[in-house]
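Only one structure is covered here, and it is reproduced in the block below.
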Amino acid sequence: MIYFRRNGLRVAESYYESAGEGSVKADIHRMTTSVPVEALRDRERPGHCLVIDLTQSEEALFAGMNETTRQMVKKGMKDEMTCTCDVTCTPPVIEAFCEYYDGFAATKGLEKVFRQRLFLLAEQQRLAITNVAFNDGMALAWHAYLRTPERAVLLYSASHFRQLKDDPRSKAIMRANRFLHWNDMVAFRNIGLAVYDMGGLDATGKTEETKKIAQFKMAFGGSVAPVYSYT
């Protein structure tokens, strides 16, 4: 659980952990869990996420992706790109991620990263940051994850491939984000995590944008699972 102050209030956030209301010393408690909390049914906001079982073999994980994604990952393996997975997340790494994401967010009309949350998660060794870059150092995509003892949950994903479409390596750039997701799955599997959680999923196709995002995530295999939020 992390605590921070916002707008003069003490806020607590807990993720996929059990914490009774009485044990939380805060004005506001936000909780995310994979199972419903009966005592908080009146405050429940149900949703969905896409989860992939990392206890499978690497071969089974690869086979679980659709054909297009498998082909793009295979080609990514031949591109001159390098992926990194950082679970120590020093301040310079967090700042580098935030600068990249904020630039991406500005092009999409999204909010900037809430940096304090990432720094607090890093202090508790519950943050992972990954990226993929060409071997010449040009960054192509970054991901930030909440890390629990069992799962990695995608919090933020950023890629500038649309802005780099005129680069002669544009096809490789378009493959980079998928290639990074695959490498993230393998890296988290290798450190003993059981679940790769790609975050919120629009299971009903509310908008064309969220529908496309859902289709992108589901191309990696896995299954749609419920997720519950409470405040």
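Identifiers for the structure tokens are assigned positionally: chains receive A, B, ... in sequence, residues are indexed from 1 per chain, and ligands are indexed from 1 in the order shown.
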Problem set entry | Sel. of strand (DSSP E or B) residues, region 26-227 of chain A, as a count of residues only | 58
Contacts of region 73-81 of chain A at 7 Å or less, counting only C-alpha atoms, minus same-chain residues fewer than 4 places along, as a PDB file with all heavy atoms, in the first residue's frame?
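The file below, out-v1.pdb, is the result:
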```pdb
ATOM      1  N   THR A  69       0.668 -11.263 -34.599  1.00  0.00           N
ATOM      2  CA  THR A  69       1.555 -10.859 -33.512  1.00  0.00           C
ATOM      3  C   THR A  69       2.795 -11.737 -33.465  1.00  0.00           C
ATOM      4  O   THR A  69       3.909 -11.245 -33.268  1.00  0.00           O
ATOM      5  CB  THR A  69       0.807 -10.901 -32.170  1.00  0.00           C
ATOM      6  OG1 THR A  69      -0.339 -10.049 -32.254  1.00  0.00           O
ATOM      7  CG2 THR A  69       1.684 -10.443 -31.023  1.00  0.00           C
ATOM      8  N   VAL A 132      12.190  -0.501 -25.167  1.00  0.00           N
ATOM      9  CA  VAL A 132      12.846  -1.064 -26.342  1.00  0.00           C
ATOM     10  C   VAL A 132      13.406   0.107 -27.135  1.00  0.00           C
ATOM     11  O   VAL A 132      12.773   1.155 -27.269  1.00  0.00           O
ATOM     12  CB  VAL A 132      11.877  -1.911 -27.193  1.00  0.00           C
ATOM     13  CG1 VAL A 132      10.668  -1.095 -27.650  1.00  0.00           C
ATOM     14  CG2 VAL A 132      12.599  -2.512 -28.400  1.00  0.00           C
ATOM     15  N   ALA A 133      14.624  -0.073 -27.630  1.00  0.00           N
ATOM     16  CA  ALA A 133      15.296   0.989 -28.386  1.00  0.00           C
ATOM     17  C   ALA A 133      16.124   0.361 -29.498  1.00  0.00           C
ATOM     18  O   ALA A 133      16.556  -0.796 -29.406  1.00  0.00           O
ATOM     19  CB  ALA A 133      16.196   1.809 -27.461  1.00  0.00           C
ATOM     20  N   PHE A 134      16.307   1.122 -30.575  1.00  0.00           N
ATOM     21  CA  PHE A 134      17.263   0.691 -31.576  1.00  0.00           C
ATOM     22  C   PHE A 134      18.643   0.653 -30.933  1.00  0.00           C
ATOM     23  O   PHE A 134      18.898   1.344 -29.941  1.00  0.00           O
ATOM     24  CB  PHE A 134      17.279   1.648 -32.770  1.00  0.00           C
ATOM     25  CG  PHE A 134      16.159   1.425 -33.746  1.00  0.00           C
ATOM     26  CD1 PHE A 134      15.416   2.494 -34.230  1.00  0.00           C
ATOM     27  CD2 PHE A 134      15.851   0.162 -34.214  1.00  0.00           C
ATOM     28  CE1 PHE A 134      14.387   2.304 -35.137  1.00  0.00           C
ATOM     29  CE2 PHE A 134      14.820  -0.049 -35.119  1.00  0.00           C
ATOM     30  CZ  PHE A 134      14.093   1.034 -35.581  1.00  0.00           C
ATOM     31  N   ASN A 135      19.515  -0.120 -31.504  1.00  0.00           N
ATOM     32  CA  ASN A 135      20.854  -0.255 -30.927  1.00  0.00           C
ATOM     33  C   ASN A 135      21.648   1.041 -30.962  1.00  0.00           C
ATOM     34  O   ASN A 135      22.672   1.159 -30.279  1.00  0.00           O
ATOM     35  CB  ASN A 135      21.618  -1.374 -31.640  1.00  0.00           C
ATOM     36  CG  ASN A 135      21.034  -2.747 -31.327  1.00  0.00           C
ATOM     37  OD1 ASN A 135      20.279  -2.906 -30.363  1.00  0.00           O
ATOM     38  ND2 ASN A 135      21.364  -3.743 -32.142  1.00  0.00           N
ATOM     39  N   ALA A 172      10.068  -1.519 -38.675  1.00  0.00           N
ATOM     40  CA  ALA A 172      10.615  -2.036 -37.412  1.00  0.00           C
ATOM     41  C   ALA A 172      10.053  -1.259 -36.238  1.00  0.00           C
ATOM     42  O   ALA A 172       9.757  -1.829 -35.180  1.00  0.00           O
ATOM     43  CB  ALA A 172      12.143  -1.953 -37.427  1.00  0.00           C
ATOM     44  N   ARG A 175       6.756  -2.499 -35.185  1.00  0.00           N
ATOM     45  CA  ARG A 175       6.807  -3.801 -34.503  1.00  0.00           C
ATOM     46  C   ARG A 175       7.286  -3.684 -33.061  1.00  0.00           C
ATOM     47  O   ARG A 175       7.107  -4.612 -32.260  1.00  0.00           O
ATOM     48  CB  ARG A 175       7.755  -4.749 -35.252  1.00  0.00           C
ATOM     49  CG  ARG A 175       7.293  -5.186 -36.611  1.00  0.00           C
ATOM     50  CD  ARG A 175       8.154  -6.314 -37.133  1.00  0.00           C
ATOM     51  NE  ARG A 175       9.444  -5.865 -37.628  1.00  0.00           N
ATOM     52  CZ  ARG A 175       9.698  -5.548 -38.886  1.00  0.00           C
ATOM     53  NH1 ARG A 175       8.739  -5.594 -39.784  1.00  0.00           N
ATOM     54  NH2 ARG A 175      10.910  -5.185 -39.269  1.00  0.00           N
ATOM     55  N   ALA A 176       7.902  -2.563 -32.734  1.00  0.00           N
ATOM     56  CA  ALA A 176       8.632  -2.455 -31.480  1.00  0.00           C
ATOM     57  C   ALA A 176       7.769  -2.664 -30.245  1.00  0.00           C
ATOM     58  O   ALA A 176       8.178  -3.343 -29.299  1.00  0.00           O
ATOM     59  CB  ALA A 176       9.328  -1.097 -31.403  1.00  0.00           C
ATOM     60  N   ARG A 178       4.943  -4.373 -29.833  1.00  0.00           N
ATOM     61  CA  ARG A 178       4.598  -5.787 -29.679  1.00  0.00           C
ATOM     62  C   ARG A 178       5.814  -6.592 -29.214  1.00  0.00           C
ATOM     63  O   ARG A 178       5.693  -7.477 -28.363  1.00  0.00           O
ATOM     64  CB  ARG A 178       4.057  -6.347 -30.989  1.00  0.00           C
ATOM     65  CG  ARG A 178       2.653  -5.869 -31.350  1.00  0.00           C
ATOM     66  CD  ARG A 178       2.221  -6.461 -32.687  1.00  0.00           C
ATOM     67  NE  ARG A 178       0.835  -6.155 -32.996  1.00  0.00           N
ATOM     68  CZ  ARG A 178       0.407  -5.026 -33.541  1.00  0.00           C
ATOM     69  NH1 ARG A 178       1.287  -4.064 -33.808  1.00  0.00           N
ATOM     70  NH2 ARG A 178      -0.873  -4.848 -33.814  1.00  0.00           N
ATOM     71  N   PHE A 179       6.952  -6.274 -29.801  1.00  0.00           N
ATOM     72  CA  PHE A 179       8.179  -6.966 -29.417  1.00  0.00           C
ATOM     73  C   PHE A 179       8.495  -6.730 -27.948  1.00  0.00           C
ATOM     74  O   PHE A 179       8.912  -7.648 -27.227  1.00  0.00           O
ATOM     75  CB  PHE A 179       9.328  -6.475 -30.303  1.00  0.00           C
ATOM     76  CG  PHE A 179      10.630  -7.198 -30.095  1.00  0.00           C
ATOM     77  CD1 PHE A 179      10.701  -8.578 -30.192  1.00  0.00           C
ATOM     78  CD2 PHE A 179      11.796  -6.490 -29.823  1.00  0.00           C
ATOM     79  CE1 PHE A 179      11.919  -9.245 -30.012  1.00  0.00           C
ATOM     80  CE2 PHE A 179      12.999  -7.144 -29.647  1.00  0.00           C
ATOM     81  CZ  PHE A 179      13.063  -8.521 -29.735  1.00  0.00           C
TER      82      PHE A 179
END
```
Each region 97-181 of chain A residue no farther than 10 Å from region 39-61 of chain A, nearest pair in Å, only C-alpha atoms, as JSON lines:
```
{"residue": "A:Glu150", "atom": "CA", "partner": "A:Leu54", "partner_atom": "CA", "distance": 9.7}
{"residue": "A:Arg151", "atom": "CA", "partner": "A:Leu54", "partner_atom": "CA", "distance": 9.0}
{"residue": "A:Ala152", "atom": "CA", "partner": "A:Val51", "partner_atom": "CA", "distance": 9.7}
{"residue": "A:Val153", "atom": "CA", "partner": "A:Val51", "partner_atom": "CA", "distance": 9.0}
```
Exercise. When DSSP works through the backbone of this structure, what residues of region 11-86 of chain A end up as alpha helix (DSSP H), shown as a ChimeraX atom specification?
Worked result: /A:58-64,67-78
Exercise. For Arg6 (chain A), which residue among A:Arg169, A:His143, A:Arg117, A:Arg70 is the nearest when counting only C-alpha atoms?
Worked result: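 Looking only at the distances to Arg6 (chain A), the closest residue turns out to be A:Arg117.
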Problem set entry | Residues near Ala96 (chain A), cut-off 10 Å, only C-alpha atoms, skip fewer than 5 positions along chain, as a list in words |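 Counting only the stated atoms, we get Pro91, Tyr101 and Trp142 of chain A.
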For this session: Using only C-alpha atoms, find the one residue out of A:Ala122, A:Ile129, A:Leu201, A:Val224 that sits nearest to Ala144 (chain A).
Result: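 Nearest candidate to Ala144 (chain A) out of A:Ala122, A:Ile129, A:Leu201, A:Val224: A:Ile129.
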Problem set entry | Test item: residues at most 7 Å from Tyr16 (chain A), only C-alpha atoms, excluding those fewer than 4 positions along its chain, as a PyMOL selection string | chain A and resi 32-34
Exercise. Do you know which residues are at most 10 Å from Tyr15 (chain A) counting only C-alpha atoms, after dropping those on the same chain fewer than 2 positions away, and could you put them as a list in words?
Worked result: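 So, after excluding close chain neighbours, the residues are Met1, Ile2, Glu13, Glu17, Ser18, Ala19, Arg30, Met31, Thr32, Thr33, Ser34, Leu146, Arg147, Thr148, Val153 and Ser229 of chain A.
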Exercise. Near Gly221 (chain A), within 8 Å and counting only C-alpha atoms, which residues show up once chain neighbours fewer than 3 positions away are dropped, as number ranges by chain?
Worked result: A: 52, 61, 64-66, 217-218
For this session: Could you check how far CA of Thr107 (chain A) sits from CA of Thr90 (chain A), in Å to one decimal?
Result: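 Between these atoms lies a distance of 26.7 Å.
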For this session: Give the answer as one residue: which of A:Thr88, A:Gly109, A:Lys212, A:Leu140 has the shortest atom-to-atom distance to Gln124 (chain A), using only C-alpha atoms?
Result: A:Thr88
Exercise. Quick one: distance from CA of Leu120 (chain A) to CA of Phe4 (chain A) in Å, one decimal?
Worked result: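 Interatomic distance, CA of Leu120 (chain A) to CA of Phe4 (chain A): 8.4 Å.
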Problem set entry | Distance criterion (only C-alpha atoms): nearest to Gly8 (chain A) out of A:Phe62, A:Ile173, A:Ser23, A:Ile28 |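 Result for the nearest residue to Gly8 (chain A): A:Ile28.
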Exercise. Given the choices A:Ala63, A:Ala12, A:Leu180, A:Ala158, which gets closest to Asp102 (chain A) if the distance is worked out from only C-alpha atoms?
Worked result: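 With only C-alpha atoms as the atom set, the closest residue is A:Ala158.
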Problem set entry | Spatial neighbours of Thr130 (chain A), max dist 10 Å, only C-alpha atoms, sep filter under 5 positions, as a list in words |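 Within the cut-off, the hits are Cys83, Thr84, Cys85, Asp86, Val87, Cys89, Val93, Phe97, Ala141, Trp142, His143, Ala144, Tyr145, Ser157, Leu180, His181, Asn183, Asp184 and Ala187 of chain A.
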Seminar exercise, completed: One residue among A:Ser159, A:Asn190, A:Thr210, A:Asn131 is nearest to Ala105 (chain A) when using only C-alpha atoms, and that residue is A:Ser159
Exercise. So how far away is CA of Gln215 (chain A) from CA of Glu67 (chain A), in Å?
Worked result: 13.5 Å
